[in-house]
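Visitor: Have a peek at run06.cif (mmCIF, C-alpha atoms and all ligand atoms).
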data_my_file
loop_
_atom_site.label_atom_id
_atom_site.label_comp_id
_atom_site.auth_asym_id
_atom_site.auth_seq_id
_atom_site.Cartn_x
_atom_site.Cartn_y
_atom_site.Cartn_z
CA MET R 1327 18.72 4.25 -14.47
CA ARG R 1328 15.40 2.57 -13.84
CA THR R 1329 15.55 0.58 -17.07
CA LEU R 1330 18.92 -0.92 -16.24
CA ARG R 1331 17.67 -1.91 -12.85
CA PHE R 1332 14.62 -3.65 -14.35
CA GLN R 1333 16.77 -5.58 -16.78
CA THR R 1334 18.97 -6.79 -13.96
CA ARG R 1335 15.96 -7.67 -11.88
CA ARG R 1336 14.20 -9.38 -14.76
CA ALA R 1337 17.25 -11.47 -15.53
CA ARG R 1338 17.46 -12.52 -11.90
CA ALA R 1339 13.76 -13.09 -11.75
CA GLY R 1340 13.83 -15.30 -14.81
CA ALA R 1341 16.16 -17.72 -13.06
CA ALA R 1342 14.22 -17.47 -9.83
CA ILE R 1343 10.92 -18.07 -11.56
CA ALA R 1344 12.33 -21.09 -13.39
CA THR R 1345 13.38 -22.52 -10.03
CA LEU R 1346 10.05 -21.68 -8.48
CA VAL R 1347 8.08 -23.27 -11.29
CA THR R 1348 10.19 -26.41 -11.10
CA SER R 1349 9.89 -26.66 -7.35
CA THR R 1350 6.18 -25.97 -7.22
CA ALA R 1351 5.00 -27.80 -10.29
CA MET R 1352 4.04 -30.78 -8.18
CA LEU R 1353 1.89 -28.74 -5.84
CA ALA R 1354 -1.86 -28.74 -6.06
CA ALA R 1355 -3.40 -25.78 -7.87
CA PRO R 1356 -4.93 -22.91 -5.91
CA SER R 1357 -8.57 -23.55 -5.19
CA THR R 1358 -9.89 -20.53 -7.04
CA ALA R 1359 -7.69 -20.58 -10.14
CA GLY R 1360 -9.54 -20.18 -13.40
CA ALA R 1361 -9.23 -19.05 -16.98
CA GLN R 1362 -8.30 -15.36 -16.81
CA SER R 1363 -6.60 -12.94 -19.11
CA ASP R 1364 -3.93 -12.30 -16.45
CA SER R 1365 -3.29 -15.97 -15.69
CA PRO R 1366 -1.38 -18.61 -17.59
CA ALA R 1367 -3.64 -20.50 -19.98
CA THR R 1368 -2.72 -23.76 -18.28
CA PRO R 1369 -5.71 -25.53 -16.72
CA ALA R 1370 -5.92 -24.95 -12.99
CA ALA R 1371 -5.19 -28.56 -12.03
CA ASP R 1372 -1.82 -28.47 -13.81
CA GLN R 1373 -0.88 -24.94 -12.93
CA ALA R 1374 2.08 -23.90 -10.78
CA ARG R 1375 1.74 -20.83 -8.61
CA PRO R 1376 1.54 -17.71 -10.77
CA ASP R 1377 4.76 -15.88 -11.47
CA THR R 1378 5.47 -12.75 -9.52
CA VAL R 1379 8.22 -10.57 -10.91
CA LEU R 1380 10.76 -11.73 -8.33
CA GLY R 1381 9.59 -15.33 -8.39
CA LYS R 1382 8.69 -15.16 -4.70
CA ALA R 1383 5.41 -15.27 -2.86
CA PRO R 1384 3.77 -11.83 -2.67
CA LEU R 1385 4.84 -9.25 -0.10
CA VAL R 1386 2.54 -8.46 2.78
CA ILE R 1387 2.49 -4.70 3.30
CA ALA R 1388 0.87 -3.57 6.54
CA HIS R 1389 -1.49 -0.85 5.33
CA ARG R 1390 -1.17 2.06 7.80
CA GLY R 1391 0.25 -0.56 10.23
CA ALA R 1392 -1.97 -3.33 11.55
CA SER R 1393 -4.85 -0.90 11.09
CA GLY R 1394 -7.48 -3.61 11.51
CA TYR R 1395 -6.45 -3.89 15.15
CA ARG R 1396 -5.11 -0.50 16.26
CA PRO R 1397 -5.70 3.15 15.36
CA GLU R 1398 -3.88 3.57 12.06
CA HIS R 1399 -0.50 5.21 11.66
CA THR R 1400 0.62 4.77 15.27
CA LEU R 1401 3.80 3.10 16.47
CA ALA R 1402 1.53 0.53 18.16
CA ALA R 1403 -0.08 -0.28 14.80
CA TYR R 1404 3.29 -0.64 13.08
CA LYS R 1405 4.77 -2.70 15.91
CA LEU R 1406 1.84 -5.09 15.94
CA ALA R 1407 2.10 -5.47 12.17
CA ILE R 1408 5.75 -6.41 12.57
CA GLN R 1409 4.89 -8.88 15.33
CA LEU R 1410 2.28 -10.42 13.02
CA GLY R 1411 4.94 -10.89 10.34
CA ALA R 1412 4.56 -7.99 7.92
CA ASP R 1413 7.25 -7.70 5.27
CA TYR R 1414 6.75 -3.93 5.05
CA VAL R 1415 4.94 -1.31 7.10
CA GLU R 1416 3.24 1.56 5.31
CA PRO R 1417 3.32 5.11 6.69
CA ASP R 1418 1.45 7.78 4.74
CA LEU R 1419 3.34 11.06 5.13
CA VAL R 1420 2.31 14.70 5.54
CA SER R 1421 4.18 17.70 6.92
CA THR R 1422 3.95 19.76 10.10
CA LYS R 1423 4.23 23.55 10.10
CA ASP R 1424 7.92 23.23 10.97
CA GLY R 1425 8.63 20.81 8.15
CA VAL R 1426 8.67 17.50 10.00
CA LEU R 1427 7.18 14.47 8.26
CA VAL R 1428 4.53 12.70 10.32
CA ALA R 1429 2.46 9.61 9.63
CA ARG R 1430 -1.15 10.48 8.77
CA HIS R 1431 -3.35 9.47 5.88
CA GLU R 1432 -4.58 13.04 5.42
CA ASN R 1433 -3.24 16.38 6.49
CA GLU R 1434 -6.75 16.96 7.94
CA ILE R 1435 -6.72 15.15 11.27
CA SER R 1436 -10.18 15.40 12.84
CA THR R 1437 -11.13 11.78 12.06
CA THR R 1438 -7.91 10.19 13.31
CA THR R 1439 -7.01 12.28 16.37
CA ASP R 1440 -8.68 13.92 19.37
CA VAL R 1441 -7.87 17.41 18.09
CA ALA R 1442 -11.53 18.47 18.37
CA ASP R 1443 -11.32 17.90 22.13
CA HIS R 1444 -8.48 20.41 22.53
CA PRO R 1445 -9.97 23.88 23.20
CA GLU R 1446 -6.54 25.46 22.82
CA PHE R 1447 -6.66 24.52 19.13
CA ALA R 1448 -10.30 25.42 18.46
CA ASP R 1449 -9.32 28.49 16.44
CA ARG R 1450 -7.17 26.40 14.10
CA ARG R 1451 -10.29 24.81 12.58
CA THR R 1452 -10.56 26.08 9.04
CA THR R 1453 -11.58 25.23 5.49
CA LYS R 1454 -9.01 24.61 2.78
CA THR R 1455 -9.06 23.33 -0.75
CA ILE R 1456 -6.91 20.19 -0.99
CA ASP R 1457 -6.51 18.65 -4.43
CA GLY R 1458 -9.56 20.57 -5.63
CA VAL R 1459 -11.83 19.56 -2.74
CA ALA R 1460 -12.99 21.91 0.03
CA ILE R 1461 -12.25 20.32 3.41
CA THR R 1462 -13.03 21.66 6.86
CA GLY R 1463 -11.07 20.64 9.93
CA TRP R 1464 -7.60 20.85 11.47
CA PHE R 1465 -4.51 20.50 9.27
CA THR R 1466 -1.06 19.21 10.18
CA GLU R 1467 0.65 22.08 8.39
CA ASP R 1468 -0.93 24.49 10.91
CA PHE R 1469 0.69 22.74 13.89
CA THR R 1470 4.28 22.48 15.01
CA LEU R 1471 5.51 19.03 15.86
CA VAL R 1472 5.48 19.93 19.55
CA GLU R 1473 1.81 20.87 19.27
CA LEU R 1474 0.88 17.77 17.28
CA LYS R 1475 2.54 15.62 19.91
CA THR R 1476 -0.03 16.80 22.46
CA LEU R 1477 -2.78 15.09 20.42
CA ARG R 1478 -3.68 11.41 20.60
CA ALA R 1479 -4.76 9.04 17.85
CA VAL R 1480 -8.28 7.62 17.61
CA GLU R 1481 -9.80 4.84 15.54
CA ARG R 1482 -10.86 6.06 12.08
CA LEU R 1483 -13.62 3.45 11.73
CA PRO R 1484 -15.30 3.28 15.16
CA THR R 1485 -18.54 1.85 13.76
CA GLU R 1486 -16.87 -0.80 11.67
CA ARG R 1487 -14.13 -1.61 14.19
CA PRO R 1488 -15.57 -0.78 17.63
CA ALA R 1489 -13.07 -3.01 19.45
CA ASN R 1490 -10.29 -0.66 18.41
CA THR R 1491 -11.83 2.34 20.18
CA ARG R 1492 -10.44 1.05 23.48
CA TYR R 1493 -7.06 2.24 22.17
CA ASP R 1494 -8.33 5.77 21.56
CA GLY R 1495 -6.24 8.33 23.38
CA LEU R 1496 -3.25 6.08 24.01
CA TYR R 1497 -0.89 6.84 21.14
CA GLN R 1498 0.82 9.90 19.70
CA ILE R 1499 1.20 10.82 16.05
CA PRO R 1500 4.60 9.39 15.09
CA THR R 1501 7.18 11.17 12.99
CA PHE R 1502 8.62 9.39 9.97
CA ASP R 1503 11.93 9.30 11.85
CA GLU R 1504 10.26 7.43 14.68
CA VAL R 1505 8.73 4.91 12.29
CA LEU R 1506 12.13 4.30 10.71
CA ALA R 1507 13.74 3.91 14.13
CA LEU R 1508 11.07 1.38 15.13
CA VAL R 1509 11.60 -0.60 11.93
CA LYS R 1510 15.36 -0.69 12.49
CA LYS R 1511 15.01 -1.69 16.13
CA GLU R 1512 12.49 -4.43 15.39
CA SER R 1513 14.60 -5.70 12.47
CA ALA R 1514 17.64 -6.03 14.73
CA LYS R 1515 15.61 -7.67 17.48
CA ARG R 1516 13.98 -10.19 15.15
CA GLY R 1517 16.91 -10.94 12.86
CA ARG R 1518 14.94 -10.11 9.72
CA THR R 1519 14.86 -6.88 7.74
CA ILE R 1520 11.48 -5.25 7.86
CA GLY R 1521 10.78 -2.88 5.01
CA VAL R 1522 9.20 0.54 4.98
CA TYR R 1523 6.79 1.71 2.27
CA PRO R 1524 6.17 5.47 2.71
CA GLU R 1525 3.59 7.35 0.65
CA THR R 1526 3.92 11.06 -0.04
CA LYS R 1527 0.43 12.51 0.42
CA HIS R 1528 -0.76 15.54 -1.57
CA PRO R 1529 2.70 16.42 -2.95
CA THR R 1530 1.46 19.19 -5.25
CA TYR R 1531 -0.39 20.81 -2.36
CA PHE R 1532 2.53 20.63 0.05
CA ARG R 1533 4.88 22.06 -2.57
CA SER R 1534 2.42 24.93 -3.06
CA ILE R 1535 2.72 25.88 0.63
CA GLU R 1536 6.51 25.54 0.61
CA LEU R 1537 6.54 22.32 2.59
CA ALA R 1538 7.56 20.04 -0.28
CA LEU R 1539 7.79 16.41 0.78
CA ASN R 1540 10.32 14.74 -1.51
CA ARG R 1541 13.60 16.07 -0.14
CA ARG R 1542 12.37 15.55 3.40
CA VAL R 1543 11.54 11.90 2.73
CA VAL R 1544 14.95 11.30 1.21
CA ARG R 1545 16.69 13.19 4.02
CA ASP R 1546 14.98 11.07 6.67
CA LEU R 1547 15.77 7.84 4.81
CA ARG R 1548 19.39 8.91 4.43
CA GLN R 1549 19.68 9.67 8.14
CA ALA R 1550 18.34 6.19 8.87
CA GLU R 1551 20.83 4.71 6.37
CA MET R 1552 17.92 3.46 4.26
CA ASN R 1553 18.45 5.57 1.14
CA ARG R 1554 20.20 2.94 -0.95
CA ALA R 1555 19.08 0.98 -4.00
CA ARG R 1556 19.23 -2.19 -1.94
CA SER R 1557 17.35 -0.71 1.01
CA LYS R 1558 14.09 -2.45 1.75
CA VAL R 1559 12.14 0.66 0.82
CA PHE R 1560 9.46 1.59 -1.70
CA ILE R 1561 8.26 5.20 -1.96
CA GLN R 1562 4.76 5.51 -3.43
CA SER R 1563 2.60 8.33 -4.74
CA PHE R 1564 -0.70 8.87 -6.52
CA GLU R 1565 0.93 11.73 -8.42
CA THR R 1566 3.45 11.30 -11.23
CA SER R 1567 5.65 14.41 -11.29
CA ASN R 1568 6.89 13.98 -7.73
CA LEU R 1569 7.87 10.36 -8.49
CA ARG R 1570 9.83 11.58 -11.51
CA HIS R 1571 11.54 14.06 -9.19
CA LEU R 1572 12.22 11.34 -6.61
CA ASN R 1573 13.77 9.23 -9.36
CA ARG R 1574 16.42 11.92 -9.62
CA LEU R 1575 16.84 12.27 -5.85
CA THR R 1576 17.11 8.67 -4.70
CA ASN R 1577 17.89 5.12 -5.80
CA VAL R 1578 15.30 3.47 -3.57
CA LYS R 1579 12.45 1.76 -5.36
CA LEU R 1580 9.44 3.82 -6.47
CA VAL R 1581 5.83 2.82 -6.98
CA GLN R 1582 3.18 4.64 -9.02
CA LEU R 1583 -0.19 4.36 -7.31
CA VAL R 1584 -3.13 3.95 -9.69
CA ASN R 1585 -6.66 4.59 -8.56
CA SER R 1586 -9.76 3.10 -10.19
CA THR R 1587 -11.22 6.48 -11.09
CA GLY R 1588 -9.96 10.02 -11.65
CA ALA R 1589 -6.47 11.25 -12.45
CA PRO R 1590 -3.21 12.10 -10.68
CA TYR R 1591 -3.71 15.54 -9.15
CA ASN R 1592 -0.64 16.97 -10.86
CA PHE R 1593 -2.34 16.16 -14.20
CA VAL R 1594 -5.49 17.95 -13.05
CA ALA R 1595 -3.52 20.94 -11.80
CA THR R 1596 -1.64 21.35 -15.06
CA GLY R 1597 -4.55 20.67 -17.42
CA ASP R 1598 -3.16 17.34 -18.58
CA PRO R 1599 -6.24 15.35 -19.75
CA ARG R 1600 -4.78 11.92 -18.95
CA THR R 1601 -6.37 9.77 -16.28
CA TYR R 1602 -5.32 6.78 -14.18
CA ALA R 1603 -6.82 4.56 -16.91
CA ASP R 1604 -4.26 5.98 -19.33
CA LEU R 1605 -1.44 5.03 -16.96
CA VAL R 1606 -2.22 1.31 -17.20
CA THR R 1607 -2.35 0.96 -20.97
CA ALA R 1608 0.70 -0.76 -22.46
CA ALA R 1609 2.13 2.64 -23.42
CA GLY R 1610 1.31 4.12 -20.03
CA LEU R 1611 3.05 1.29 -18.22
CA ARG R 1612 6.11 1.61 -20.45
CA GLU R 1613 6.25 5.25 -19.46
CA ILE R 1614 5.95 4.45 -15.75
CA ALA R 1615 8.82 1.99 -16.14
CA THR R 1616 11.11 4.90 -17.05
CA TYR R 1617 10.84 6.36 -13.55
CA ALA R 1618 9.39 3.73 -11.22
CA ASP R 1619 9.84 0.10 -10.26
CA GLY R 1620 6.23 -0.87 -9.79
CA ILE R 1621 2.59 0.11 -9.69
CA GLY R 1622 0.23 0.10 -6.73
CA PRO R 1623 -3.23 -0.26 -8.22
CA ASN R 1624 -6.59 -0.20 -6.55
CA LYS R 1625 -7.86 -3.81 -6.69
CA ASP R 1626 -10.64 -2.70 -9.02
CA VAL R 1627 -8.02 -1.79 -11.64
CA LEU R 1628 -7.01 -5.47 -11.69
CA ILE R 1629 -10.36 -7.23 -11.27
CA PRO R 1630 -13.34 -4.86 -11.53
CA ARG R 1631 -16.58 -5.54 -9.67
CA ASP R 1632 -20.00 -5.60 -11.33
CA ALA R 1633 -23.02 -3.58 -10.16
CA GLY R 1634 -23.77 -6.23 -7.54
CA GLY R 1635 -20.28 -6.07 -6.11
CA PHE R 1636 -19.16 -9.40 -7.59
CA LEU R 1637 -15.74 -9.78 -9.17
CA THR R 1638 -15.66 -9.86 -12.94
CA GLN R 1639 -12.79 -10.79 -15.24
CA PRO R 1640 -9.19 -9.62 -14.75
CA THR R 1641 -8.17 -6.69 -16.90
CA GLY R 1642 -4.73 -7.95 -17.87
CA VAL R 1643 -2.97 -5.05 -16.11
CA VAL R 1644 -0.79 -7.42 -14.03
CA SER R 1645 0.54 -9.16 -17.13
CA ARG R 1646 1.09 -5.89 -18.96
CA ALA R 1647 2.96 -4.45 -15.99
CA HIS R 1648 5.10 -7.55 -15.60
CA ARG R 1649 5.97 -7.41 -19.28
CA VAL R 1650 7.75 -4.10 -18.70
CA GLY R 1651 9.34 -5.24 -15.45
CA LEU R 1652 7.02 -3.46 -13.02
CA VAL R 1653 5.97 -5.16 -9.82
CA VAL R 1654 2.28 -4.92 -8.89
CA HIS R 1655 1.25 -4.26 -5.28
CA ALA R 1656 -2.54 -4.09 -4.96
CA PHE R 1657 -4.57 -2.11 -2.38
CA THR R 1658 -6.47 -2.49 -0.09
CA PHE R 1659 -7.38 -5.87 1.38
CA ARG R 1660 -9.77 -5.74 4.34
CA ASP R 1661 -11.51 -8.60 6.13
CA GLU R 1662 -14.93 -7.11 6.76
CA ASN R 1663 -17.88 -8.05 4.56
CA GLN R 1664 -18.59 -4.49 3.54
CA PHE R 1665 -15.16 -4.17 1.93
CA LEU R 1666 -15.08 -7.63 0.35
CA PRO R 1667 -16.39 -8.53 -3.08
CA ALA R 1668 -19.92 -9.92 -2.80
CA ASP R 1669 -18.50 -13.31 -3.80
CA TYR R 1670 -16.83 -13.70 -0.42
CA ARG R 1671 -19.17 -12.12 2.12
CA ILE R 1672 -20.37 -14.35 4.95
CA GLY R 1673 -23.78 -13.55 6.40
CA THR R 1674 -25.39 -10.13 6.29
CA ASP R 1675 -23.54 -8.17 8.99
CA PRO R 1676 -21.43 -5.64 7.08
CA ASN R 1677 -18.92 -5.48 9.93
CA ALA R 1678 -18.52 -9.25 10.30
CA LYS R 1679 -15.49 -10.84 8.70
CA GLY R 1680 -15.96 -12.68 5.44
CA ASP R 1681 -13.89 -15.13 3.42
CA ALA R 1682 -10.96 -12.81 2.83
CA PHE R 1683 -8.74 -15.81 2.08
CA SER R 1684 -10.60 -16.44 -1.16
CA GLU R 1685 -10.29 -12.81 -2.17
CA TYR R 1686 -6.52 -12.96 -1.67
CA ALA R 1687 -6.39 -16.21 -3.64
CA ARG R 1688 -8.21 -14.60 -6.54
CA PHE R 1689 -5.57 -11.88 -6.70
CA PHE R 1690 -2.69 -14.31 -6.16
CA ASP R 1691 -4.08 -16.19 -9.15
CA ILE R 1692 -3.35 -13.24 -11.41
CA GLY R 1693 0.21 -12.86 -10.13
CA VAL R 1694 0.21 -9.80 -7.88
CA ASP R 1695 3.59 -9.22 -6.25
CA GLY R 1696 2.31 -7.68 -3.04
CA VAL R 1697 -0.81 -6.81 -1.10
CA PHE R 1698 -1.62 -3.83 1.11
CA ALA R 1699 -3.55 -5.34 4.02
CA ASP R 1700 -5.33 -3.90 7.06
CA TYR R 1701 -5.17 -7.31 8.75
CA THR R 1702 -1.55 -8.42 8.48
CA ASP R 1703 -2.23 -11.86 9.94
CA THR R 1704 -5.04 -12.60 7.48
CA ALA R 1705 -2.79 -11.69 4.56
CA ILE R 1706 -0.02 -13.93 5.83
CA GLU R 1707 -2.41 -16.80 6.47
CA ALA R 1708 -3.86 -16.36 2.98
CA ARG R 1709 -0.36 -16.38 1.50
CA ASP R 1710 0.52 -19.53 3.45
CA LEU R 1711 -2.69 -21.21 2.33
CA TYR R 1712 -1.85 -20.40 -1.25
CA TYR R 1713 1.93 -20.71 -1.49
CA ASP R 1714 3.11 -22.88 1.41
CA GLU R 1715 2.85 -26.56 0.68
CA ASP R 1716 2.49 -27.34 4.40
CA THR R 1717 -0.55 -25.17 4.90
CA GLU R 1718 -2.12 -24.93 1.46
CA ARG R 1719 -5.81 -25.41 1.08
CA GLN R 1720 -6.85 -28.95 0.48
CA ALA R 1721 -8.88 -29.62 -2.63
CA SER R 1722 -12.45 -30.38 -1.66
O1 LIG L 1801 -0.73 3.19 -0.44
C1 LIG L 1801 -1.55 2.24 -1.04
C2 LIG L 1801 -2.83 2.59 -0.60
O2 LIG L 1801 -2.69 2.78 0.74
C3 LIG L 1801 -3.31 3.86 -1.20
O3 LIG L 1801 -4.45 4.16 -0.61
O4 LIG L 1801 -5.68 5.92 0.44
O5 LIG L 1801 -4.97 3.99 1.79
O6 LIG L 1801 -3.32 5.67 1.07
P1 LIG L 1801 -4.59 4.98 0.75
CA CA L 1802 -1.21 4.80 1.56
#
Could you write out this file's structure as structure tokens?
Ligand code: G3P
Ligand code: CA
Guide:
Amino acid sequence: MRTLRFQTRRARAGAAIATLVTSTAMLAAPSTAGAQSDSPATPAADQARPDTVLGKAPLVIAHRGASGYRPEHTLAAYKLAIQLGADYVEPDLVSTKDGVLVARHENEISTTTDVADHPEFADRRTTKTIDGVAITGWFTEDFTLVELKTLRAVERLPTERPANTRYDGLYQIPTFDEVLALVKKESAKRGRTIGVYPETKHPTYFRSIELALNRRVVRDLRQAEMNRARSKVFIQSFETSNLRHLNRLTNVKLVQLVNSTGAPYNFVATGDPRTYADLVTAAGLREIATYADGIGPNKDVLIPRDAGGFLTQPTGVVSRAHRVGLVVHAFTFRDENQFLPADYRIGTDPNAKGDAFSEYARFFDIGVDGVFADYTDTAIEARDLYYDEDTERQAS
């Protein structure tokens, strides 16, 4: 099923890319293009914009909503991301005790909610082993949805993003249903279809406590009439076996997340010695293409950093993935110096914003098809600077 879809897409993309190359060949080259294993060998000055699989400029995926500006995974964060122009919003999903999917990055919620300030829940604090790591705190699977709704979200990074703490206490934890309803409402209001890019978090763990995520994700998408091959939906996971299962449950697009270290937890749990590095070999990518439509790699998988934090040479993973028809959506782009490669930091304040535009350009150079961004507006500006002939950077 997946293979047929890739062939169709690739055929379409071939025509689209031909058109794109023709129409952009006259444009100036991106300012940071260079000789890279992932890039065309053409000298920068003569080079059209790199090919993405669909022949379009890369998608901007609002990572946990506009999480640079609002506490992550709140309806306010998603709504702002949509207002700023996001193509997709990204909810990470975990389950409540009563089997409702809610948007949180972890099932442990002490760093993103005010749960510690609720004496009525003090006795729920506990220690659990999640994906092999002992974690102490409060866990979504120990709360009903009604109970979780009494909590309020707080900024995860109060030191790095102090301005966002003024929103602490304002917003509830949203259900996946509520995120989908917001996306539909905003799409209708704005006359453009906004996509949703859910991630199933800790699928092996949730299956082990009989709160498996896959069927619930598909059920919620179906109820929102977004469970179709043409729906603007990608489902992502760091594990592999649940994506294979999803491939049998749904026709929406699937993305295999690839971290820069370690291994999918289902490999660890079953004694499979393979790691994420094995997933992005040519053979690994061919295997992914049998059950998914793309990969979502950590940026370091595409362009590793050296010991000083400077970008090194591209690994060729984008080209290898494209060769088997997989799109490549890289995570995570953040504006602050401390998250940027050393190449693009401005000044010495780790929380000040650096030259994120040049970081995006470096990854656009190698042909990424999408970017997960905390600052939706920066990603869109960077894309305009790179791909839009009206706003592109002027050669200096
Ligand atoms: O989903 C892509 C990226 O978000 C994966 O990283 O840890 O932010 O969910 P994480
Ligand atoms: Ca995520």
Visitor: Using all atoms listed in the file, which protein or nucleic acid residues are at most 10 Å from ligand LIG 1801 (chain L), as an MDAnalysis selection string?
Guide: chainID R and resid 1387:1390 1416:1419 1430:1432 1523:1527 1561:1564 1581:1585 1621:1624 1655:1659 1697:1700
Visitor: How would the residues just picked look written out with C-alpha atoms as an mmCIF file, keeping the file's coordinate frame?
Guide:
data_model
loop_
_atom_site.group_PDB
_atom_site.id
_atom_site.type_symbol
_atom_site.label_atom_id
_atom_site.label_comp_id
_atom_site.auth_asym_id
_atom_site.auth_seq_id
_atom_site.Cartn_x
_atom_site.Cartn_y
_atom_site.Cartn_z
ATOM 1 C CA ILE R 1387 2.490 -4.700 3.300
ATOM 2 C CA ALA R 1388 0.870 -3.570 6.540
ATOM 3 C CA HIS R 1389 -1.490 -0.850 5.330
ATOM 4 C CA ARG R 1390 -1.170 2.060 7.800
ATOM 5 C CA GLU R 1416 3.240 1.560 5.310
ATOM 6 C CA PRO R 1417 3.320 5.110 6.690
ATOM 7 C CA ASP R 1418 1.450 7.780 4.740
ATOM 8 C CA LEU R 1419 3.340 11.060 5.130
ATOM 9 C CA ARG R 1430 -1.150 10.480 8.770
ATOM 10 C CA HIS R 1431 -3.350 9.470 5.880
ATOM 11 C CA GLU R 1432 -4.580 13.040 5.420
ATOM 12 C CA TYR R 1523 6.790 1.710 2.270
ATOM 13 C CA PRO R 1524 6.170 5.470 2.710
ATOM 14 C CA GLU R 1525 3.590 7.350 0.650
ATOM 15 C CA THR R 1526 3.920 11.060 -0.040
ATOM 16 C CA LYS R 1527 0.430 12.510 0.420
ATOM 17 C CA ILE R 1561 8.260 5.200 -1.960
ATOM 18 C CA GLN R 1562 4.760 5.510 -3.430
ATOM 19 C CA SER R 1563 2.600 8.330 -4.740
ATOM 20 C CA PHE R 1564 -0.700 8.870 -6.520
ATOM 21 C CA VAL R 1581 5.830 2.820 -6.980
ATOM 22 C CA GLN R 1582 3.180 4.640 -9.020
ATOM 23 C CA LEU R 1583 -0.190 4.360 -7.310
ATOM 24 C CA VAL R 1584 -3.130 3.950 -9.690
ATOM 25 C CA ASN R 1585 -6.660 4.590 -8.560
ATOM 26 C CA ILE R 1621 2.590 0.110 -9.690
ATOM 27 C CA GLY R 1622 0.230 0.100 -6.730
ATOM 28 C CA PRO R 1623 -3.230 -0.260 -8.220
ATOM 29 C CA ASN R 1624 -6.590 -0.200 -6.550
ATOM 30 C CA HIS R 1655 1.250 -4.260 -5.280
ATOM 31 C CA ALA R 1656 -2.540 -4.090 -4.960
ATOM 32 C CA PHE R 1657 -4.570 -2.110 -2.380
ATOM 33 C CA THR R 1658 -6.470 -2.490 -0.090
ATOM 34 C CA PHE R 1659 -7.380 -5.870 1.380
ATOM 35 C CA VAL R 1697 -0.810 -6.810 -1.100
ATOM 36 C CA PHE R 1698 -1.620 -3.830 1.110
ATOM 37 C CA ALA R 1699 -3.550 -5.340 4.020
ATOM 38 C CA ASP R 1700 -5.330 -3.900 7.060
#
Visitor: Leaving out Leu1537 in chain R and any residue of its chain fewer than 6 positions from it, which residues lie within 9 Å of it when counting all atoms listed in the file, given as a PyMOL selection string?
Guide: chain R and resi 1421-1425+1467+1529+1531
Visitor: I'd like the interatomic distance between CA of Arg1574 in chain R and CA of Asn1540 in chain R, to a tenth of an Å.
Guide: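 Between these atoms lies a distance of 10.5 Å.
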Visitor: As an exercise, work out the distance from CA of Glu1398 in chain R to CA of Phe1532 in chain R in Å and give it to one decimal place.
Guide: 21.8 Å
Visitor: Please, what distance in Å, to one decimal, runs between CA of Phe1469 in chain R and CA of Arg1450 in chain R?
Guide: 8.7 Å
Visitor: Which is closest to Thr1601 in chain R among R:Asn1490, R:Leu1575, R:Ser1393, R:Glu1565, if we use only C-alpha atoms?
Guide: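 For Thr1601 in chain R, the nearest of the candidates is R:Glu1565.
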Visitor: Show me, as a ChimeraX atom specification, the residues that have an atom within 9 Å of Thr1587 in chain R when counting only C-alpha atoms, minus same-chain residues fewer than 5 positions from it.
Guide: /R:1601-1603,1627
Visitor: Restricting the calculation to all atoms listed in the file: of R:Arg1570, R:His1444, R:Lys1405, R:Arg1548, which residue gets closest to Leu1508 in chain R?
Guide: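 Distance minimum relative to Leu1508 in chain R lands on R:Lys1405.
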Visitor: Closest to ligand CA 1802 (chain L) among R:Pro1384, R:Pro1676, R:Gly1693, R:Gly1391, using only C-alpha atoms and all ligand atoms?
Guide: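 Checking each candidate against ligand CA 1802 (chain L), we get R:Gly1391 as the closest.
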Visitor: Would you kindly return, as a list in words, each protein, DNA or RNA residue with an atom no farther than 10 Å from any atom of Asp1413 in chain R, considering only C-alpha atoms and excluding same-chain residues fewer than 3 positions away?
Guide: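 Near neighbours after the sequence-gap exclusion: Pro1384, Leu1385, Val1386, Ile1387, Ala1388, Ala1407, Ile1408, Leu1410, Arg1518, Thr1519, Ile1520, Gly1521, Val1522, Tyr1523, Lys1558, Gly1696, Thr1702 and Ile1706 of chain R.
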Visitor: Can you tell me, as number ranges by chain, what residues are no more than 10 Å from range 1434-1439 of chain R when counting all atoms listed in the file, ignoring any on the same chain fewer than 2 positions away?
Guide: R: 1397-1399, 1420, 1430-1432, 1441-1443, 1451-1454, 1456, 1461-1468, 1474, 1477-1484, 1494-1495, 1497-1499
Visitor: When you count only C-alpha atoms, which of these residues is closest to Asp1695 in chain R: R:Ala1708, R:Val1644, R:Ala1633, R:Val1650?
Guide: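 Closest to Asp1695 in chain R, using only C-alpha atoms: R:Val1644.
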Visitor: Pick out the closest residue to ligand CA 1802 (chain L) from this set: R:Ala1618, R:Arg1631, R:Val1415, R:Gln1549. Count all atoms listed in the file.
Guide: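 Distance minimum relative to ligand CA 1802 (chain L) lands on R:Val1415.
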Visitor: Would you mind telling me which residue in R:Asp1710, R:Glu1512, R:Asp1440, R:Glu1446 lies nearest to Tyr1686 in chain R when using all atoms listed in the file?
Guide: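 So, comparing all the options, the nearest one is R:Asp1710.
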Visitor: Around range 1609-1616 of chain R, with edges along x, y and z and 4 Å added on all six sides, what centre and edge lengths do you get, in Å to one decimal, as lines of an AutoDock Vina configuration file?
Guide:
center_x = 6.2
center_y = 3.3
center_z = -19.6
size_x = 17.8
size_y = 12.0
size_z = 15.7
